[in-house]
$ cat protein_10.txt   # compact mmCIF, C-alpha atoms
# COMPACT_ATOMS: atom_id res chain seq x y z
CA PRO P 1 -89.14 109.42 -76.63
CA VAL P 2 -92.73 108.32 -76.12
CA GLY P 3 -94.67 105.22 -77.16
CA PRO P 4 -98.20 104.69 -78.49
CA CYS P 5 -99.72 104.62 -74.97
CA PHE P 6 -98.34 107.98 -73.85
CA LEU P 7 -101.21 110.02 -72.36
CA LYS P 8 -103.69 107.42 -73.62
CA LYS P 9 -106.35 106.20 -71.20
CA PRO P 10 -106.54 102.40 -71.02
CA VAL P 11 -109.77 100.74 -72.17
CA GLY P 12 -111.26 97.46 -70.95
CA VAL P 13 -108.78 97.06 -68.08
CA SER P 14 -109.01 96.89 -64.30
CA ASP P 15 -110.88 99.60 -62.42
CA PHE P 16 -107.67 100.44 -60.57
CA ASN P 17 -105.79 101.32 -63.76
CA ARG P 18 -108.83 103.04 -65.32
CA VAL P 19 -109.66 105.22 -62.29
CA ARG P 20 -106.05 106.24 -61.72
CA SER P 21 -105.61 107.18 -65.38
CA GLU P 22 -108.79 109.27 -65.33
CA TYR P 23 -107.56 111.01 -62.21
CA PHE P 24 -104.18 111.99 -63.65
CA MET P 25 -105.55 112.87 -67.08
CA GLN P 26 -108.26 115.19 -65.74
CA TYR P 27 -105.69 117.95 -65.41
CA LEU P 28 -104.66 117.61 -69.02
CA GLU P 29 -108.33 118.11 -69.87
CA GLY P 30 -108.76 121.34 -67.90
CA GLY P 31 -109.05 120.42 -64.23
CA ASP P 32 -107.70 122.76 -61.56
CA ILE P 33 -104.44 121.08 -60.59
CA LYS P 34 -103.55 123.74 -58.00
CA SER P 35 -106.53 122.78 -55.84
CA ASP P 36 -105.36 119.16 -55.57
CA PRO P 37 -103.13 118.71 -52.48
CA TYR P 38 -101.91 115.28 -53.66
CA MET P 39 -100.66 116.58 -57.00
CA GLU P 40 -99.13 119.63 -55.37
CA LYS P 41 -97.41 117.72 -52.56
CA TYR P 42 -96.09 114.67 -54.38
CA LEU P 43 -96.06 115.26 -58.15
CA ALA P 44 -95.51 118.96 -58.72
CA VAL P 45 -92.74 119.51 -56.18
CA CYS P 46 -90.15 120.01 -58.92
CA ASP P 47 -92.25 122.57 -60.77
CA GLU P 48 -93.62 119.89 -63.10
CA ASP P 49 -96.80 120.98 -64.89
CA PHE P 50 -99.10 118.02 -65.51
CA SER P 51 -101.85 120.23 -66.94
CA THR P 52 -100.21 120.41 -70.38
CA GLU P 53 -98.67 117.84 -72.72
CA LYS P 54 -95.52 119.96 -72.78
CA GLY P 55 -95.32 119.63 -68.99
CA TRP P 56 -95.75 115.86 -69.14
CA ARG P 57 -92.99 115.63 -71.76
CA GLU P 58 -90.67 117.81 -69.68
CA ALA P 59 -91.24 115.60 -66.63
CA ARG P 60 -90.47 112.56 -68.77
CA ALA P 61 -87.28 114.21 -70.03
CA ASN P 62 -86.24 114.93 -66.44
CA TYR P 63 -86.83 111.29 -65.54
CA PHE P 64 -84.56 110.17 -68.37
CA ALA P 65 -82.02 112.72 -67.20
CA ASN P 66 -82.01 111.08 -63.78
CA ILE P 67 -81.37 107.73 -65.46
CA THR P 68 -78.43 109.29 -67.28
CA LEU P 69 -77.12 110.59 -63.95
CA VAL P 70 -77.32 107.09 -62.43
CA ASP P 71 -75.55 105.61 -65.47
CA GLY P 72 -72.71 108.06 -64.98
CA MET P 73 -72.37 107.16 -61.30
CA VAL P 74 -72.27 103.45 -62.16
CA GLY P 75 -69.45 104.30 -64.52
CA GLU P 76 -67.58 105.92 -61.61
CA ILE P 77 -67.95 102.72 -59.56
CA ILE P 78 -66.69 100.52 -62.40
CA SER P 79 -63.76 102.86 -63.03
CA SER P 80 -62.83 102.67 -59.35
CA LEU P 81 -62.81 98.87 -59.49
CA GLU P 82 -60.52 99.02 -62.52
CA ARG P 83 -58.15 101.53 -60.91
CA ASN P 84 -57.82 99.27 -57.89
CA ASN P 85 -57.19 96.19 -60.06
CA ILE P 86 -60.12 94.21 -58.68
CA SER P 87 -62.52 94.41 -61.61
CA ASP P 88 -61.43 91.05 -63.04
CA ASN P 89 -62.72 89.13 -60.02
CA THR P 90 -65.76 91.26 -59.19
CA ILE P 91 -69.31 90.49 -60.31
CA ILE P 92 -71.33 93.58 -61.13
CA VAL P 93 -75.14 93.49 -61.23
CA PHE P 94 -77.18 96.47 -62.39
CA THR P 95 -80.90 96.32 -61.70
CA SER P 96 -83.75 98.34 -60.22
CA GLU P 97 -86.60 98.00 -57.75
CA HIS P 98 -89.31 99.15 -60.16
CA GLY P 99 -89.95 101.43 -63.10
CA GLU P 100 -92.11 104.53 -63.54
CA MET P 101 -95.21 104.99 -65.71
CA MET P 102 -94.36 108.60 -66.56
CA GLY P 103 -97.43 109.18 -68.72
CA ASP P 104 -97.80 105.77 -70.36
CA HIS P 105 -101.42 104.61 -70.16
CA GLY P 106 -102.11 108.03 -68.65
CA LEU P 107 -100.46 107.01 -65.37
CA LEU P 108 -97.79 108.34 -63.06
CA GLU P 109 -95.70 106.64 -60.37
CA LYS P 110 -95.80 102.84 -59.95
CA ARG P 111 -98.39 100.52 -58.27
CA ALA P 112 -99.07 99.09 -61.73
CA LEU P 113 -98.39 95.71 -63.30
CA TYR P 114 -97.71 97.30 -66.69
CA GLU P 115 -94.25 96.61 -68.11
CA GLU P 116 -93.18 100.22 -67.60
CA ALA P 117 -93.46 99.82 -63.83
CA SER P 118 -92.84 96.12 -63.20
CA ARG P 119 -90.17 95.18 -65.75
CA VAL P 120 -86.70 96.26 -64.70
CA PRO P 121 -83.17 96.15 -66.15
CA LEU P 122 -80.97 93.21 -65.19
CA LEU P 123 -77.36 93.39 -66.36
CA PHE P 124 -74.58 91.06 -65.21
CA LYS P 125 -70.85 91.41 -65.63
CA ILE P 126 -69.06 88.15 -64.77
CA PRO P 127 -65.46 88.75 -65.91
CA TRP P 128 -64.22 85.15 -65.73
CA MET P 129 -67.00 83.99 -68.09
CA GLY P 130 -65.75 86.10 -70.98
CA LYS P 131 -66.07 89.63 -72.26
CA ASN P 132 -68.53 89.09 -75.13
CA GLN P 133 -71.90 90.73 -74.60
CA LYS P 134 -75.05 88.66 -75.06
CA ILE P 135 -78.76 88.85 -74.35
CA ILE P 136 -80.32 85.85 -72.61
CA ASP P 137 -83.89 85.19 -73.76
CA GLY P 138 -86.65 84.49 -71.25
CA SER P 139 -87.97 85.85 -67.99
CA VAL P 140 -86.26 85.77 -64.61
CA SER P 141 -87.04 87.21 -61.20
CA HIS P 142 -85.09 89.11 -58.54
CA ILE P 143 -85.78 86.22 -56.19
CA ASP P 144 -83.06 84.24 -58.01
CA LEU P 145 -80.36 86.89 -57.56
CA VAL P 146 -78.94 85.85 -54.18
CA PRO P 147 -78.65 82.09 -54.89
CA THR P 148 -77.18 82.85 -58.32
CA LEU P 149 -74.54 85.19 -56.91
CA LEU P 150 -73.60 82.73 -54.15
CA ASP P 151 -73.25 79.92 -56.70
CA LEU P 152 -71.17 82.07 -59.06
CA ILE P 153 -68.59 82.81 -56.33
CA GLY P 154 -68.45 79.21 -55.16
CA GLU P 155 -70.39 79.58 -51.94
CA GLU P 156 -72.97 77.09 -50.70
CA VAL P 157 -76.58 78.07 -51.43
CA PRO P 158 -78.67 77.69 -48.22
CA ASP P 159 -81.78 75.53 -48.53
CA HIS P 160 -84.04 78.18 -47.00
CA LEU P 161 -83.65 80.59 -49.93
CA GLN P 162 -86.79 80.73 -52.07
CA GLY P 163 -85.02 81.42 -55.36
CA LYS P 164 -82.77 79.13 -57.36
CA SER P 165 -79.34 79.56 -58.89
CA ARG P 166 -79.24 80.46 -62.58
CA LYS P 167 -75.52 79.85 -62.94
CA GLY P 168 -76.18 77.19 -65.56
CA VAL P 169 -77.91 79.77 -67.75
CA PHE P 170 -74.73 81.86 -67.87
CA GLU P 171 -72.68 78.74 -68.60
CA GLY P 172 -74.92 77.85 -71.53
CA ILE P 173 -76.00 74.47 -70.12
CA ASP P 174 -79.47 75.68 -69.02
CA ASP P 175 -82.01 78.16 -70.39
CA LEU P 176 -85.06 80.05 -69.19
CA ASP P 177 -87.62 78.33 -71.43
CA GLY P 178 -90.91 77.96 -69.58
CA ASN P 179 -89.66 79.84 -66.54
CA TYR P 180 -92.35 81.96 -64.95
CA VAL P 181 -92.18 85.19 -63.01
CA ILE P 182 -94.57 86.29 -60.29
CA VAL P 183 -95.12 89.99 -59.62
CA GLN P 184 -96.84 91.04 -56.40
CA TRP P 185 -98.62 94.16 -55.31
CA ASN P 186 -99.86 93.58 -51.77
CA GLY P 187 -102.19 96.55 -51.55
CA SER P 188 -102.27 98.75 -48.50
CA GLY P 189 -103.70 96.14 -46.10
CA GLU P 190 -102.32 96.50 -42.58
CA ILE P 191 -99.70 99.01 -43.77
CA PRO P 192 -101.64 102.06 -45.00
CA ASP P 193 -100.37 103.75 -48.14
CA ARG P 194 -100.38 107.51 -48.40
CA ASN P 195 -103.41 109.23 -49.87
CA LEU P 196 -103.31 108.70 -53.62
CA GLY P 197 -105.60 111.54 -54.60
CA SER P 198 -109.16 110.25 -54.30
CA GLU P 199 -111.30 107.96 -52.15
CA SER P 200 -112.00 105.60 -55.06
CA ILE P 201 -108.28 105.18 -55.80
CA ASN P 202 -107.48 104.61 -52.14
CA ASN P 203 -110.17 101.93 -51.87
CA LEU P 204 -109.01 100.12 -55.00
CA ASN P 205 -105.40 100.40 -53.84
CA ALA P 206 -106.19 98.36 -50.73
CA SER P 207 -106.59 95.07 -52.62
CA PRO P 208 -103.62 92.80 -53.44
CA TRP P 209 -102.76 91.84 -57.02
CA ARG P 210 -100.80 88.91 -58.39
CA SER P 211 -99.33 88.70 -61.88
CA ILE P 212 -97.79 85.69 -63.59
CA ILE P 213 -95.77 85.85 -66.82
CA ILE P 214 -95.06 82.69 -68.83
CA ASP P 215 -93.83 82.73 -72.44
CA ARG P 216 -94.70 86.43 -72.70
CA LEU P 217 -98.31 85.92 -71.62
CA LYS P 218 -99.17 88.02 -68.56
CA LEU P 219 -102.17 87.29 -66.33
CA ASN P 220 -103.06 89.91 -63.69
CA LEU P 221 -105.54 88.88 -61.00
CA CYS P 222 -107.24 90.61 -58.08
CA ALA P 223 -110.11 89.23 -55.99
CA THR P 224 -112.07 92.48 -56.17
CA ASP P 225 -111.27 93.86 -59.63
CA LYS P 226 -111.42 92.99 -63.31
CA PRO P 227 -108.75 90.49 -64.46
CA GLU P 228 -106.30 91.32 -67.22
CA LEU P 229 -104.46 89.20 -69.77
CA PHE P 230 -101.87 90.74 -72.08
CA ASP P 231 -100.19 88.85 -74.90
CA LEU P 232 -96.80 90.55 -75.00
CA ASN P 233 -95.88 88.53 -78.09
CA GLN P 234 -98.54 90.38 -80.09
CA ASP P 235 -99.11 93.46 -77.96
CA GLU P 236 -95.87 94.67 -76.42
CA PHE P 237 -97.43 97.93 -75.21
CA GLU P 238 -100.31 96.18 -73.41
CA GLU P 239 -103.08 98.02 -75.23
CA LYS P 240 -105.55 95.11 -75.45
CA ASN P 241 -106.87 93.13 -72.51
CA VAL P 242 -107.63 89.74 -74.09
CA PHE P 243 -108.80 87.97 -70.93
CA ASP P 244 -112.31 87.42 -72.34
CA LYS P 245 -111.14 86.28 -75.79
CA TYR P 246 -112.15 82.66 -76.43
CA GLU P 247 -108.87 81.81 -78.15
CA TYR P 248 -107.00 82.58 -74.91
CA ARG P 249 -109.24 80.46 -72.66
CA ASN P 250 -106.80 77.56 -72.33
CA SER P 251 -103.92 79.97 -71.71
CA VAL P 252 -105.84 81.62 -68.87
CA ILE P 253 -106.56 78.22 -67.30
CA GLN P 254 -102.92 77.14 -67.46
CA LEU P 255 -101.62 80.46 -66.16
CA TYR P 256 -104.14 80.38 -63.31
CA LYS P 257 -103.15 76.83 -62.35
CA SER P 258 -99.48 77.83 -62.30
CA MET P 259 -100.25 80.84 -60.13
CA LYS P 260 -102.30 78.78 -57.66
CA ASN P 261 -99.50 76.22 -57.44
CA TRP P 262 -97.01 79.01 -56.73
CA GLN P 263 -99.31 80.39 -54.03
CA LYS P 264 -99.54 76.95 -52.40
CA VAL P 265 -95.76 76.42 -52.41
CA SER P 266 -95.11 79.98 -51.23
CA GLU P 267 -97.88 79.93 -48.61
CA ASP P 268 -99.35 83.03 -50.22
CA THR P 269 -102.89 83.61 -48.98
CA ALA P 270 -103.91 86.51 -51.24
$ encode --input "protein_10.txt" --output "structure tokens"
Amino acid sequence: PVGPCFLKKPVGVSDFNRVRSEYFMQYLEGGDIKSDPYMEKYLAVCDEDFSTEKGWREARANYFANITLVDGMVGEIISSLERNNISDNTIIVFTSEHGEMMGDHGLLEKRALYEEASRVPLLFKIPWMGKNQKIIDGSVSHIDLVPTLLDLIGEEVPDHLQGKSRKGVFEGIDDLDGNYVIVQWNGSGEIPDRNLGSESINNLNASPWRSIIIDRLKLNLCATDKPELFDLNQDEFEEKNVFDKYEYRNSVIQLYKSMKNWQKVSEDTA
């Protein structure tokens, strides 16, 4: 399956997203992909052909096949817990480090604040809280995982942990209304990234980004690039950067204030 942004260059967004999309899409428009060492070394190693739409779709299908493979292996783990009669007192958490653009917005890999790359699955199985499945509305961050797990198993949560326990959310006595999530991309900085295909991409990749999401409004900021604001309530595929829209001015101000406060508390100097 593909969405409306598959192989579609973004418009009115950051230079980083625009330049990367133009780079990847050039081969769909007739560029010589075999003369590009980056594409050959990192992105065509499994005989993927990113010079045709068919090739992009096959690569996407292979990615979904890998997800299916992981799902099957998780099933093996759960079955083993059941066979050993310890599943009823074992918490299972399924999540991921990041996603993959795989053609959406004309991009590959990660290093993007788009939902495809930055939003990840988060599934909990807590047997002693019941067997009924439910979806909890709101946004939550990985930083809360460790304190939540410690609290759920009755262990003391150390004061030095940056996250907070969300046990009350599972118990139904708290919710995630107004909770914000910060997403960080720290650029290459002192730790150089590998060559990403062109000098312009490498230069843009060096700068850190910060993203804050509150009530499905996402503000992406970088000191050296164009800011982005996506209203995920109205634009779930992030097709329209509404940062400059007057009706979002107050939202931008409030999101920015929240981000600066987070930076102060977290001693983040980006």
$ residues_around --input "protein_10.txt" --residues "range 258-260 of chain P" --least-positions-apart "4" --cutoff "9 Å" --atoms "only C-alpha atoms" --output "VMD selection string"
chain P and resid 180 182 210 to 212 253 to 254 264 to 265
$ write_last_selection --input "protein_10.txt" --atoms "C-alpha atoms" --output "PDB file, in the coordinates of the input"
ATOM      1  CA  TYR P 180     -92.350  81.960 -64.950  1.00  0.00           C
ATOM      2  CA  ILE P 182     -94.570  86.290 -60.290  1.00  0.00           C
ATOM      3  CA  ARG P 210    -100.800  88.910 -58.390  1.00  0.00           C
ATOM      4  CA  SER P 211     -99.330  88.700 -61.880  1.00  0.00           C
ATOM      5  CA  ILE P 212     -97.790  85.690 -63.590  1.00  0.00           C
ATOM      6  CA  ILE P 253    -106.560  78.220 -67.300  1.00  0.00           C
ATOM      7  CA  GLN P 254    -102.920  77.140 -67.460  1.00  0.00           C
ATOM      8  CA  LYS P 264     -99.540  76.950 -52.400  1.00  0.00           C
ATOM      9  CA  VAL P 265     -95.760  76.420 -52.410  1.00  0.00           C
TER      10      VAL P 265
END
$ closest_atom_pairs --input "protein_10.txt" --of "range 177-250 of chain P" --to "range 135-145 of chain P" --cutoff "8 Å" --atoms "only C-alpha atoms" --output "CSV"
residue,atom,partner,partner_atom,distance
P:Asp177,CA,P:Gly138,CA,6.2
P:Gly178,CA,P:Gly138,CA,8.0
P:Asn179,CA,P:Ser139,CA,6.4
P:Tyr180,CA,P:Ser139,CA,6.6
P:Val181,CA,P:Ser141,CA,5.8
P:Ile182,CA,P:Ser141,CA,7.6
P:Ile213,CA,P:Ser139,CA,7.9
P:Ile214,CA,P:Ser139,CA,7.8
P:Asp215,CA,P:Gly138,CA,7.5
$ write_last_selection --input "protein_10.txt" --atoms "C-alpha atoms" --output "PDB file, keeping the file's coordinate frame"
ATOM      1  CA  ASP P 177     -87.620  78.330 -71.430  1.00  0.00           C
ATOM      2  CA  GLY P 178     -90.910  77.960 -69.580  1.00  0.00           C
ATOM      3  CA  ASN P 179     -89.660  79.840 -66.540  1.00  0.00           C
ATOM      4  CA  TYR P 180     -92.350  81.960 -64.950  1.00  0.00           C
ATOM      5  CA  VAL P 181     -92.180  85.190 -63.010  1.00  0.00           C
ATOM      6  CA  ILE P 182     -94.570  86.290 -60.290  1.00  0.00           C
ATOM      7  CA  ILE P 213     -95.770  85.850 -66.820  1.00  0.00           C
ATOM      8  CA  ILE P 214     -95.060  82.690 -68.830  1.00  0.00           C
ATOM      9  CA  ASP P 215     -93.830  82.730 -72.440  1.00  0.00           C
TER      10      ASP P 215
END
$ closest_atom_pairs --input "protein_10.txt" --of "range 138-199 of chain P" --to "range 106-124 of chain P" --cutoff "9 Å" --atoms "only C-alpha atoms" --output "Markdown table"
| residue | atom | partner | partner_atom | distance |
| --- | --- | --- | --- | --- |
| P:His142 | CA | P:Leu122 | CA | 8.8 |
| P:Val183 | CA | P:Ser118 | CA | 7.5 |
| P:Gln184 | CA | P:Leu113 | CA | 8.5 |
| P:Trp185 | CA | P:Arg111 | CA | 7.0 |
| P:Gly187 | CA | P:Arg111 | CA | 8.7 |
$ residues_around --input "protein_10.txt" --residues "range 232-249 of chain P" --least-positions-apart "3" --cutoff "8 Å" --atoms "all atoms listed in the file" --output "list in words"
Pro4, Cys5, Pro10, Val11, Gly12, Val13, Tyr114, Glu115, Arg216, Leu217, Lys218, Pro227, Glu228, Leu229, Val252 and Ile253 of chain P
$ atom_distance --input "protein_10.txt" --atom1 "CA of Pro1 in chain P" --atom2 "CA of Gly30 in chain P"
24.6 Å
$ closest_residue --input "protein_10.txt" --among "P:Leu69, P:Val146, P:Leu176, P:Leu255" --to "Gly163 in chain P" --atoms "only C-alpha atoms"
P:Val146
$ residues_around --input "protein_10.txt" --residues "Lys8 in chain P" --least-positions-apart "5" --cutoff "10 Å" --atoms "all atoms listed in the file" --output "ChimeraX atom specification"
/P:3,21-22,25,103-107,239
$ atom_distance --input "protein_10.txt" --atom1 "CA of Ile191 in chain P" --atom2 "CA of Thr95 in chain P"
26.1 Å
$ atom_distance --input "protein_10.txt" --atom1 "CA of Tyr38 in chain P" --atom2 "CA of Lys226 in chain P"
26.1 Å
$ closest_residue --input "protein_10.txt" --among "P:Phe16, P:Leu28, P:Glu97, P:Asn132" --to "Ser207 in chain P" --atoms "only C-alpha atoms"
P:Phe16
$ closest_residue --input "protein_10.txt" --among "P:Leu81, P:Leu196, P:Ala270, P:Val169" --to "Leu221 in chain P" --atoms "all atoms listed in the file"
P:Ala270
$ axis_aligned_box --input "protein_10.txt" --around "range 131-150 of chain P" --padding-each-side "6 Å" --output "AutoDock Vina command-line options"
--center_x -77.0 --center_y 86.4 --center_z -64.6 --size_x 33.9 --size_y 20.6 --size_z 33.0
$ closest_atom_pairs --input "protein_10.txt" --of "range 165-246 of chain P" --to "range 148-159 of chain P" --cutoff "6 Å" --atoms "all atoms listed in the file" --output "tab-separated table"
residue	atom	partner	partner_atom	distance
P:Ser165	CA	P:Thr148	CA	4.0
P:Arg166	CA	P:Thr148	CA	5.3
P:Lys167	CA	P:Thr148	CA	5.8
$ residues_around --input "protein_10.txt" --residues "Ser200 in chain P" --least-positions-apart "4" --cutoff "9 Å" --atoms "only C-alpha atoms" --output "JSON, numbers by chain"
{"P": [16, 19, 20, 204, 205]}
$ closest_residue --input "protein_10.txt" --among "P:Gly99, P:Asp193, P:Lys257, P:Asn186" --to "Leu219 in chain P" --atoms "only C-alpha atoms"
P:Lys257
